[in-house]
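Let me begin by presenting the structure, written as structure tokens, before commenting on it.
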Amino acid sequence: MNLGPVVNSALGESRVALSHDATTLYVINHLNDPLRSDISVSTRTRITGRD
Amino acid sequence: MKAASMGTLIPLAALALALGCGSESAELATGPAAPEFQAAADEPPRYSAWSAPANLGPVVNTPDVDNDVSVSRDGLSLYFGSNRPGGFGGFDIYVARRSRVDQPWGAPQNLGPTVNTAANEQGPALTRDGHRLFLFSDRPGGVGGSDLYVSRRRGSDELGWEAPANLGSGVNSASNEGLPHYFEDPVSGVATLYFNSNRPGYCGGTDIFAASLQPDGTFGGTVHVPELCSPLRDAGTAIRRDGLEMILSSDRAGTLGGFDLWVSTRASTGDPWPRL
């Protein structure tokens with residue numbers, strides 16, 4: 001399923017990496033320009049379950 | 001986001017059922033061996049929704065293309081590709097360091113001419129032990145187009161990587177291969193290298209493929225991953241270390257524009273990925 005509009009945008013997001021604890025997502029933002037993209041970070045909190 | 005969260009719960013519920021059955025069977029076979037504790041210990045993690053992405057800022061990012069990240073297990077080294085000025089040509093691989101995970105990243109360093117060349121080097125993917133770095137490059141001498149390579153190091157020196165070795169024709173083809181992601185199944189111990197390729201004869205655009213570590217230490221046995229494919233471009237993957245969640249970038253139908261991120265969850269690493 002699509003990760004949704006909080007993370008995704010019309011500009012394009014791709015080429016991700018997860019941190020070891022899976023609470024940080026490194027996202028490439030395409031900035032609507034093939035000659036430009038930046039690295040951003042999105043985070044989440046673990047609610048339950050083992051680390 | 002609400003729909004996405006609810007959808008994610010479906011496989012979790014399936015897993016809870018599966019675990020329940022498994023615990024019951026174990027209890028019948030071995031007596032009352034604390035099945036409730038076992039179920040809790042095996043419960044997969046649940047997470048809040050992702051926050052809006054925050055730009056890493058001008059210490060790491062430039063006005064050029066900065067992409068293809070991989071972060072070390074300790075969270076202190078960030079490898080990425082960039083075509084910023086001052087490299088050895090085209091895209092090079094860089095690494096940024098920080099002293100603690102709550103500290104800002106330092107200025108990135110080019111991995112140097114042992115790894116980077118006048119051709120493009122992109123898509124760094126670290127193994128968990130930090131001793132191998134997969135990447136892709138269109139340097140001369142490969143199997144064709146962009147190929148996957150692996151560089152090794154013995155210690156933890158960020159600039160101590162050896163010259164990358166081509167992964168060979170068990171993985172690479174006359175078409176392009178890119179965006180490697182290395183996954184070690186914590187249940188089976190099987191090591192899989194996911195990557196994308198535009199080789200003809202599959203779903204179209206670029207598709208996801210998986211190669212496995214062979215007994216002789218090479219990667220081979222490459223298979224197409226049909227459940228992840230679309231007629232458009234299916235690109236980078238990131239898999240949670242328990243193997244139960246994959247985030248895929250794809251510009252397939254339903255995208256909000258260009259590439260979007262998609263998530264697939266499963267109850268067991270023995271299961272195929274549910275269709276996105």
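In the structure tokens, chains take letters A, B, ... by order of appearance, with residues numbered from 1 within each chain and ligands from 1 in the order shown.
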
Next on the checklist: Let's see if you can do this: from backbone DSSP, list all strand (DSSP E or B) residues in chain A, as a ChimeraX atom specification.
Outcome noted: /A:2,13-18,24-29,37-43,46-48

Please find the residues of chain B near chain A - the criterion being any atom within 8 Å, counting only C-alpha atoms - and write them as a tab-separated table (two decimals) with all heavy atoms, in the first residue's frame.
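Below you can see part_17.tsv, which holds the result:
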```tsv
chain	number	residue	atom	x	y	z
B	1	MET	N	-3.37	8.12	5.43
B	1	MET	CA	-2.53	7.46	6.43
B	1	MET	C	-3.35	6.50	7.27
B	1	MET	O	-2.91	5.45	7.64
B	1	MET	CB	-1.93	8.53	7.34
B	1	MET	CG	-0.43	8.65	7.32
B	1	MET	SD	0.48	7.61	6.22
B	1	MET	CE	1.37	6.65	7.39
B	4	ALA	N	-3.78	3.34	5.49
B	4	ALA	CA	-2.53	2.58	5.48
B	4	ALA	C	-2.32	1.87	6.81
B	4	ALA	O	-1.95	0.70	6.86
B	4	ALA	CB	-1.36	3.51	5.20
B	7	GLY	N	-4.63	-1.10	7.08
B	7	GLY	CA	-4.20	-2.19	6.21
B	7	GLY	C	-3.05	-2.97	6.82
B	7	GLY	O	-2.99	-4.18	6.73
B	40	ALA	N	4.45	-13.38	23.47
B	40	ALA	CA	4.79	-11.97	23.63
B	40	ALA	C	6.18	-11.69	23.06
B	40	ALA	O	6.40	-10.68	22.39
B	40	ALA	CB	4.73	-11.58	25.10
B	41	ALA	N	7.12	-12.61	23.30
B	41	ALA	CA	8.48	-12.40	22.82
B	41	ALA	C	8.54	-12.41	21.30
B	41	ALA	O	9.38	-11.76	20.70
B	41	ALA	CB	9.40	-13.47	23.39
B	42	ASP	N	7.64	-13.17	20.67
B	42	ASP	CA	7.66	-13.28	19.22
B	42	ASP	C	6.77	-12.25	18.55
B	42	ASP	O	6.68	-12.22	17.33
B	42	ASP	CB	7.21	-14.68	18.78
B	42	ASP	CG	8.27	-15.72	19.12
B	42	ASP	OD1	9.40	-15.30	19.40
B	42	ASP	OD2	7.95	-16.91	19.12
B	43	GLU	N	6.08	-11.44	19.36
B	43	GLU	CA	5.15	-10.49	18.75
B	43	GLU	C	5.93	-9.49	17.90
B	43	GLU	O	6.91	-8.90	18.37
B	43	GLU	CB	4.40	-9.74	19.85
B	43	GLU	CG	3.37	-8.78	19.31
B	43	GLU	CD	2.88	-7.83	20.41
B	43	GLU	OE1	3.13	-8.11	21.58
B	43	GLU	OE2	2.29	-6.81	20.04
B	44	PRO	N	5.54	-9.28	16.65
B	44	PRO	CA	6.25	-8.29	15.85
B	44	PRO	C	5.98	-6.88	16.38
B	44	PRO	O	4.92	-6.62	16.96
B	44	PRO	CB	5.66	-8.47	14.45
B	44	PRO	CG	4.34	-9.07	14.67
B	44	PRO	CD	4.42	-9.89	15.92
B	45	PRO	N	6.92	-5.98	16.19
B	45	PRO	CA	6.72	-4.63	16.69
B	45	PRO	C	5.61	-3.90	15.93
B	45	PRO	O	5.35	-4.19	14.78
B	45	PRO	CB	8.07	-3.97	16.46
B	45	PRO	CG	8.70	-4.76	15.36
B	45	PRO	CD	8.20	-6.16	15.51
B	46	ARG	N	5.00	-2.98	16.63
B	46	ARG	CA	4.04	-2.07	15.98
B	46	ARG	C	4.55	-0.66	16.17
B	46	ARG	O	5.18	-0.35	17.18
B	46	ARG	CB	2.64	-2.24	16.58
B	46	ARG	CG	2.00	-3.57	16.25
B	46	ARG	CD	0.66	-3.71	16.92
B	46	ARG	NE	-0.20	-2.57	16.61
B	46	ARG	CZ	-1.11	-2.07	17.45
B	46	ARG	NH1	-1.25	-2.59	18.64
B	46	ARG	NH2	-1.84	-1.04	17.09
B	47	TYR	N	4.26	0.17	15.20
B	47	TYR	CA	4.83	1.51	15.18
B	47	TYR	C	3.75	2.57	14.99
B	47	TYR	O	2.68	2.29	14.44
B	47	TYR	CB	5.84	1.64	14.03
B	47	TYR	CG	7.00	0.69	14.12
B	47	TYR	CD1	6.93	-0.57	13.55
B	47	TYR	CD2	8.16	1.05	14.79
B	47	TYR	CE1	7.99	-1.46	13.64
B	47	TYR	CE2	9.23	0.18	14.87
B	47	TYR	CZ	9.14	-1.08	14.30
B	47	TYR	OH	10.19	-1.95	14.39
B	48	SER	N	4.08	3.78	15.37
B	48	SER	CA	3.25	4.93	15.02
B	48	SER	C	3.38	5.19	13.53
B	48	SER	O	4.19	4.56	12.85
B	48	SER	CB	3.74	6.16	15.80
B	48	SER	OG	5.03	6.55	15.33
B	49	ALA	N	2.60	6.13	13.04
B	49	ALA	CA	2.75	6.55	11.63
B	49	ALA	C	4.07	7.29	11.47
B	49	ALA	O	4.64	7.81	12.44
B	49	ALA	CB	1.59	7.45	11.24
B	50	TRP	N	4.58	7.35	10.25
B	50	TRP	CA	5.80	8.09	9.96
B	50	TRP	C	5.54	9.60	10.04
B	50	TRP	O	4.48	10.08	9.63
B	50	TRP	CB	6.31	7.77	8.56
B	50	TRP	CG	6.87	6.39	8.40
B	50	TRP	CD1	6.30	5.34	7.74
B	50	TRP	CD2	8.11	5.89	8.93
B	50	TRP	NE1	7.11	4.24	7.83
B	50	TRP	CE2	8.22	4.55	8.54
B	50	TRP	CE3	9.14	6.46	9.69
B	50	TRP	CZ2	9.33	3.76	8.88
B	50	TRP	CZ3	10.24	5.68	10.03
B	50	TRP	CH2	10.32	4.34	9.63
B	51	SER	N	6.54	10.32	10.49
B	51	SER	CA	6.45	11.78	10.49
B	51	SER	C	6.73	12.32	9.09
B	51	SER	O	7.26	11.60	8.23
B	51	SER	CB	7.48	12.37	11.46
B	51	SER	OG	8.80	12.13	10.98
B	52	ALA	N	6.38	13.57	8.87
B	52	ALA	CA	6.73	14.22	7.60
B	52	ALA	C	8.25	14.27	7.48
B	52	ALA	O	8.94	14.58	8.46
B	52	ALA	CB	6.14	15.62	7.54
B	53	PRO	N	8.82	13.95	6.33
B	53	PRO	CA	10.29	13.96	6.18
B	53	PRO	C	10.87	15.35	6.44
B	53	PRO	O	10.33	16.36	6.01
B	53	PRO	CB	10.50	13.54	4.72
B	53	PRO	CG	9.25	12.82	4.33
B	53	PRO	CD	8.14	13.49	5.10
B	54	ALA	N	11.99	15.36	7.17
B	54	ALA	CA	12.71	16.61	7.45
B	54	ALA	C	14.03	16.58	6.70
B	54	ALA	O	14.80	15.60	6.82
B	54	ALA	CB	12.95	16.75	8.95
B	55	ASN	N	14.31	17.62	5.94
B	55	ASN	CA	15.54	17.68	5.14
B	55	ASN	C	16.78	17.67	6.05
B	55	ASN	O	16.80	18.33	7.08
B	55	ASN	CB	15.51	18.96	4.29
B	55	ASN	CG	16.56	18.96	3.20
B	55	ASN	OD1	17.75	18.97	3.48
B	55	ASN	ND2	16.12	18.93	1.96
B	56	LEU	N	17.80	16.89	5.66
B	56	LEU	CA	19.01	16.80	6.49
B	56	LEU	C	19.83	18.08	6.47
B	56	LEU	O	20.77	18.22	7.25
B	56	LEU	CB	19.89	15.64	6.03
B	56	LEU	CG	19.50	14.24	6.54
B	56	LEU	CD1	20.57	13.24	6.13
B	56	LEU	CD2	19.32	14.23	8.04
B	60	VAL	N	24.85	18.03	4.73
B	60	VAL	CA	24.82	16.77	3.97
B	60	VAL	C	24.38	17.02	2.53
B	60	VAL	O	25.01	16.55	1.58
B	60	VAL	CB	23.90	15.75	4.65
B	60	VAL	CG1	23.73	14.52	3.77
B	60	VAL	CG2	24.44	15.38	6.02
B	61	ASN	N	23.29	17.74	2.34
B	61	ASN	CA	22.72	17.92	1.00
B	61	ASN	C	23.35	19.10	0.27
B	61	ASN	O	23.82	20.06	0.88
B	61	ASN	CB	21.21	18.15	1.11
B	61	ASN	CG	20.48	16.89	1.54
B	61	ASN	OD1	20.72	15.81	1.00
B	61	ASN	ND2	19.58	17.02	2.51
B	62	THR	N	23.36	18.98	-1.06
B	62	THR	CA	23.89	20.03	-1.92
B	62	THR	C	22.80	20.40	-2.94
B	62	THR	O	21.77	19.74	-3.02
B	62	THR	CB	25.12	19.54	-2.71
B	62	THR	OG1	24.69	18.51	-3.62
B	62	THR	CG2	26.19	19.02	-1.79
B	63	PRO	N	23.04	21.44	-3.77
B	63	PRO	CA	22.08	21.75	-4.84
B	63	PRO	C	22.09	20.72	-5.97
B	63	PRO	O	21.32	20.84	-6.91
B	63	PRO	CB	22.55	23.11	-5.36
B	63	PRO	CG	23.38	23.67	-4.26
B	63	PRO	CD	24.03	22.50	-3.61
B	64	ASP	N	22.95	19.69	-5.88
B	64	ASP	CA	22.99	18.65	-6.90
B	64	ASP	C	22.16	17.45	-6.43
B	64	ASP	O	21.30	17.59	-5.56
B	64	ASP	CB	24.45	18.28	-7.17
B	64	ASP	CG	25.21	19.47	-7.72
B	64	ASP	OD1	24.95	19.85	-8.86
B	64	ASP	OD2	26.03	20.03	-6.97
B	65	VAL	N	22.42	16.28	-7.01
B	65	VAL	CA	21.66	15.09	-6.65
B	65	VAL	C	22.35	14.38	-5.49
B	65	VAL	O	23.51	13.96	-5.61
B	65	VAL	CB	21.52	14.14	-7.86
B	65	VAL	CG1	20.79	12.87	-7.45
B	65	VAL	CG2	20.80	14.83	-9.01
B	66	ASP	N	21.65	14.26	-4.37
B	66	ASP	CA	22.12	13.49	-3.22
B	66	ASP	C	21.10	12.39	-3.00
B	66	ASP	O	19.91	12.67	-2.82
B	66	ASP	CB	22.22	14.39	-1.98
B	66	ASP	CG	23.14	15.58	-2.26
B	66	ASP	OD1	24.33	15.35	-2.49
B	66	ASP	OD2	22.63	16.71	-2.28
B	67	ASN	N	21.55	11.13	-3.07
B	67	ASN	CA	20.55	10.06	-3.01
B	67	ASN	C	21.15	8.75	-2.52
B	67	ASN	O	22.29	8.70	-2.07
B	67	ASN	CB	19.88	9.88	-4.39
B	67	ASN	CG	20.83	9.41	-5.45
B	67	ASN	OD1	21.91	8.94	-5.16
B	67	ASN	ND2	20.41	9.54	-6.70
B	68	ASP	N	20.33	7.69	-2.56
B	68	ASP	CA	20.80	6.32	-2.32
B	68	ASP	C	21.50	6.15	-0.97
B	68	ASP	O	22.70	5.88	-0.91
B	68	ASP	CB	21.76	5.88	-3.43
B	68	ASP	CG	21.11	5.83	-4.79
B	68	ASP	OD1	19.88	5.96	-4.86
B	68	ASP	OD2	21.84	5.66	-5.77
B	69	VAL	N	20.76	6.25	0.09
B	69	VAL	CA	21.36	6.21	1.42
B	69	VAL	C	21.46	4.80	1.98
B	69	VAL	O	20.69	3.91	1.62
B	69	VAL	CB	20.56	7.07	2.42
B	69	VAL	CG1	20.88	8.51	2.25
B	69	VAL	CG2	19.09	6.82	2.28
B	70	SER	N	22.39	4.62	2.89
B	70	SER	CA	22.50	3.41	3.71
B	70	SER	C	23.11	3.86	5.03
B	70	SER	O	24.06	4.64	5.04
B	70	SER	CB	23.39	2.38	3.04
B	70	SER	OG	23.43	1.17	3.78
B	71	VAL	N	22.56	3.38	6.12
B	71	VAL	CA	23.04	3.81	7.43
B	71	VAL	C	23.59	2.60	8.17
B	71	VAL	O	23.06	1.49	8.06
B	71	VAL	CB	21.92	4.53	8.23
B	71	VAL	CG1	20.79	3.59	8.55
B	71	VAL	CG2	22.47	5.20	9.47
B	72	SER	N	24.69	2.81	8.90
B	72	SER	CA	25.31	1.71	9.63
B	72	SER	C	24.43	1.27	10.79
B	72	SER	O	23.53	1.99	11.23
B	72	SER	CB	26.68	2.14	10.16
B	72	SER	OG	26.53	3.23	11.06
B	73	ARG	N	24.71	0.07	11.27
B	73	ARG	CA	23.90	-0.51	12.36
B	73	ARG	C	23.87	0.41	13.59
B	73	ARG	O	22.84	0.54	14.25
B	73	ARG	CB	24.48	-1.87	12.72
B	73	ARG	CG	23.77	-2.55	13.86
B	73	ARG	CD	24.35	-3.94	14.09
B	73	ARG	NE	23.66	-4.56	15.21
B	73	ARG	CZ	23.61	-5.86	15.42
B	73	ARG	NH1	24.21	-6.68	14.60
B	73	ARG	NH2	22.97	-6.34	16.46
B	74	ASP	N	25.00	1.06	13.90
B	74	ASP	CA	25.03	1.93	15.08
B	74	ASP	C	24.44	3.31	14.80
B	74	ASP	O	24.38	4.15	15.70
B	74	ASP	CB	26.45	2.05	15.64
B	74	ASP	CG	27.44	2.72	14.67
B	74	ASP	OD1	27.00	3.26	13.63
B	74	ASP	OD2	28.65	2.71	14.96
B	75	GLY	N	24.03	3.57	13.56
B	75	GLY	CA	23.40	4.85	13.23
B	75	GLY	C	24.36	6.01	13.14
B	75	GLY	O	23.93	7.16	13.06
B	179	LEU	N	20.58	-0.24	-7.21
B	179	LEU	CA	19.91	-0.12	-5.91
B	179	LEU	C	19.90	-1.43	-5.11
B	179	LEU	O	18.84	-1.97	-4.78
B	179	LEU	CB	18.49	0.41	-6.10
B	179	LEU	CG	18.46	1.82	-6.73
B	179	LEU	CD1	17.02	2.24	-7.01
B	179	LEU	CD2	19.12	2.82	-5.81
B	235	ALA	N	11.83	0.35	-7.79
B	235	ALA	CA	13.22	0.73	-7.59
B	235	ALA	C	13.75	0.26	-6.25
B	235	ALA	O	13.77	-0.92	-5.96
B	235	ALA	CB	13.36	2.23	-7.78
B	236	GLY	N	14.15	1.18	-5.40
B	236	GLY	CA	14.86	0.81	-4.18
B	236	GLY	C	13.98	0.12	-3.16
B	236	GLY	O	12.80	0.43	-3.01
B	237	THR	N	14.60	-0.81	-2.43
B	237	THR	CA	13.89	-1.50	-1.35
B	237	THR	C	14.63	-1.27	-0.03
B	237	THR	O	15.85	-1.09	-0.01
B	237	THR	CB	13.85	-3.02	-1.61
B	237	THR	OG1	15.17	-3.47	-1.91
B	237	THR	CG2	12.93	-3.34	-2.76
B	238	ALA	N	13.88	-1.30	1.05
B	238	ALA	CA	14.46	-1.31	2.40
B	238	ALA	C	13.64	-2.30	3.21
B	238	ALA	O	12.40	-2.22	3.22
B	238	ALA	CB	14.41	0.08	3.04
B	239	ILE	N	14.31	-3.24	3.86
B	239	ILE	CA	13.61	-4.29	4.61
B	239	ILE	C	13.97	-4.18	6.08
B	239	ILE	O	15.16	-4.07	6.42
B	239	ILE	CB	14.00	-5.67	4.06
B	239	ILE	CG1	13.61	-5.77	2.59
B	239	ILE	CG2	13.34	-6.78	4.87
B	239	ILE	CD1	14.10	-7.02	1.92
B	240	ARG	N	12.95	-4.18	6.92
B	240	ARG	CA	13.18	-4.18	8.37
B	240	ARG	C	13.96	-5.43	8.72
B	240	ARG	O	13.80	-6.47	8.10
B	240	ARG	CB	11.83	-4.16	9.09
B	240	ARG	CG	11.91	-3.66	10.51
B	240	ARG	CD	10.51	-3.42	11.05
B	240	ARG	NE	9.82	-4.67	11.31
B	240	ARG	CZ	8.48	-4.80	11.33
B	240	ARG	NH1	7.72	-3.76	11.09
B	240	ARG	NH2	7.94	-5.96	11.58
B	241	ARG	N	14.79	-5.35	9.74
B	241	ARG	CA	15.75	-6.45	9.96
B	241	ARG	C	15.08	-7.75	10.36
B	241	ARG	O	15.68	-8.82	10.24
B	241	ARG	CB	16.83	-6.03	10.96
B	241	ARG	CG	16.38	-5.95	12.40
B	241	ARG	CD	17.61	-5.64	13.27
B	241	ARG	NE	17.35	-5.89	14.67
B	241	ARG	CZ	16.91	-4.98	15.52
B	241	ARG	NH1	16.67	-3.75	15.09
B	241	ARG	NH2	16.72	-5.27	16.79
B	247	ILE	N	9.82	-1.54	2.48
B	247	ILE	CA	9.41	-0.27	1.88
B	247	ILE	C	10.05	-0.20	0.50
B	247	ILE	O	11.25	-0.40	0.35
B	247	ILE	CB	9.79	0.92	2.77
B	247	ILE	CG1	9.05	0.79	4.10
B	247	ILE	CG2	9.46	2.24	2.09
B	247	ILE	CD1	9.44	1.78	5.14
B	248	LEU	N	9.21	0.04	-0.49
B	248	LEU	CA	9.62	0.00	-1.90
B	248	LEU	C	9.33	1.36	-2.52
B	248	LEU	O	8.31	1.97	-2.22
B	248	LEU	CB	8.80	-1.08	-2.61
B	248	LEU	CG	8.91	-1.18	-4.13
B	248	LEU	CD1	10.22	-1.85	-4.52
B	248	LEU	CD2	7.74	-1.96	-4.69
B	249	SER	N	10.22	1.83	-3.39
B	249	SER	CA	9.88	3.02	-4.17
B	249	SER	C	9.45	2.60	-5.56
B	249	SER	O	10.06	1.73	-6.18
B	249	SER	CB	11.03	4.02	-4.19
B	249	SER	OG	12.26	3.40	-4.37
B	250	SER	N	8.37	3.21	-6.03
B	250	SER	CA	7.79	2.85	-7.32
B	250	SER	C	6.95	4.01	-7.82
B	250	SER	O	6.33	4.72	-7.03
B	250	SER	CB	6.92	1.59	-7.16
B	250	SER	OG	6.24	1.29	-8.36
B	254	GLY	N	-1.34	4.98	-8.93
B	254	GLY	CA	-1.72	5.33	-7.56
B	254	GLY	C	-0.73	6.24	-6.88
B	254	GLY	O	-0.95	6.71	-5.77
B	255	THR	N	0.39	6.51	-7.57
B	255	THR	CA	1.38	7.41	-6.99
B	255	THR	C	0.80	8.82	-6.85
B	255	THR	O	-0.04	9.24	-7.66
B	255	THR	CB	2.66	7.44	-7.83
B	255	THR	OG1	3.56	8.42	-7.29
B	255	THR	CG2	2.37	7.81	-9.28
B	256	LEU	N	1.30	9.53	-5.86
B	256	LEU	CA	0.89	10.92	-5.68
B	256	LEU	C	1.70	11.84	-6.58
B	256	LEU	O	1.49	13.05	-6.60
B	256	LEU	CB	1.06	11.35	-4.22
B	256	LEU	CG	0.34	10.49	-3.18
B	256	LEU	CD1	0.52	11.07	-1.79
B	256	LEU	CD2	-1.13	10.36	-3.51
B	257	GLY	N	2.65	11.29	-7.33
B	257	GLY	CA	3.47	12.07	-8.25
B	257	GLY	C	4.88	11.53	-8.28
B	257	GLY	O	5.49	11.35	-7.23
B	258	GLY	N	5.40	11.22	-9.46
B	258	GLY	CA	6.74	10.65	-9.56
B	258	GLY	C	6.82	9.37	-8.75
B	258	GLY	O	5.84	8.61	-8.65
B	259	PHE	N	7.98	9.13	-8.16
B	259	PHE	CA	8.10	7.97	-7.28
B	259	PHE	C	7.40	8.23	-5.96
B	259	PHE	O	7.44	9.34	-5.42
B	259	PHE	CB	9.58	7.69	-7.00
B	259	PHE	CG	10.27	6.92	-8.09
B	259	PHE	CD1	11.00	7.58	-9.06
B	259	PHE	CD2	10.18	5.54	-8.15
B	259	PHE	CE1	11.63	6.88	-10.08
B	259	PHE	CE2	10.80	4.83	-9.15
B	259	PHE	CZ	11.53	5.50	-10.12
B	260	ASP	N	6.77	7.20	-5.44
B	260	ASP	CA	6.24	7.21	-4.08
B	260	ASP	C	6.82	6.04	-3.31
B	260	ASP	O	7.36	5.10	-3.91
B	260	ASP	CB	4.71	7.06	-4.09
B	260	ASP	CG	3.98	8.40	-4.06
B	260	ASP	OD1	4.64	9.44	-4.19
B	260	ASP	OD2	2.74	8.38	-3.91
B	261	LEU	N	6.67	6.08	-2.00
B	261	LEU	CA	7.07	4.96	-1.15
B	261	LEU	C	5.85	4.10	-0.84
B	261	LEU	O	4.77	4.63	-0.56
B	261	LEU	CB	7.71	5.46	0.14
B	261	LEU	CG	8.89	6.40	-0.09
B	261	LEU	CD1	9.46	6.86	1.24
B	261	LEU	CD2	9.96	5.71	-0.92
B	262	TRP	N	6.06	2.79	-0.89
B	262	TRP	CA	5.00	1.82	-0.67
B	262	TRP	C	5.48	0.85	0.39
B	262	TRP	O	6.68	0.59	0.50
B	262	TRP	CB	4.68	1.07	-1.97
B	262	TRP	CG	4.39	1.99	-3.13
B	262	TRP	CD1	5.28	2.74	-3.85
B	262	TRP	CD2	3.10	2.28	-3.69
B	262	TRP	NE1	4.63	3.46	-4.81
B	262	TRP	CE2	3.30	3.20	-4.75
B	262	TRP	CE3	1.80	1.84	-3.40
B	262	TRP	CZ2	2.25	3.70	-5.51
B	262	TRP	CZ3	0.77	2.32	-4.18
B	262	TRP	CH2	0.98	3.25	-5.21
B	263	VAL	N	4.54	0.28	1.14
B	263	VAL	CA	4.93	-0.65	2.20
B	263	VAL	C	4.21	-1.97	2.02
B	263	VAL	O	3.04	-2.02	1.63
B	263	VAL	CB	4.67	-0.05	3.60
B	263	VAL	CG1	3.19	0.23	3.82
B	263	VAL	CG2	5.22	-0.97	4.68
B	264	SER	N	4.94	-3.04	2.27
B	264	SER	CA	4.37	-4.38	2.24
B	264	SER	C	4.79	-5.08	3.53
B	264	SER	O	5.95	-5.01	3.92
B	264	SER	CB	4.91	-5.15	1.03
B	264	SER	OG	4.33	-6.44	0.96
B	276	LEU	N	1.51	-5.29	-3.47
B	276	LEU	CA	1.31	-3.91	-2.97
B	276	LEU	C	0.00	-3.33	-3.47
B	276	LEU	O	-0.45	-3.65	-4.54
B	276	LEU	CB	2.47	-3.05	-3.45
B	276	LEU	CG	3.79	-3.38	-2.78
B	276	LEU	CD1	4.95	-2.78	-3.55
B	276	LEU	CD2	3.80	-2.87	-1.36
```

Item to check | Exercise: stretch 105-113 of chain B partners within 10 Å, only C-alpha atoms, chain neighbours under 5 positions left out, as a PyMOL selection string | outcome: chain B and resi 56-61+76-82+86-88+92-100+118+158-161+163

Next on the checklist: For B:Leu232, find every residue with an atom within 7 Å (counting only C-alpha atoms), except residues of its own chain fewer than 2 positions away, and show them as a list of chain:residue names.
Outcome noted: B:Gly204, B:Gly205, B:Thr206, B:Ser230, B:Asp234, B:Asp251, B:Arg252
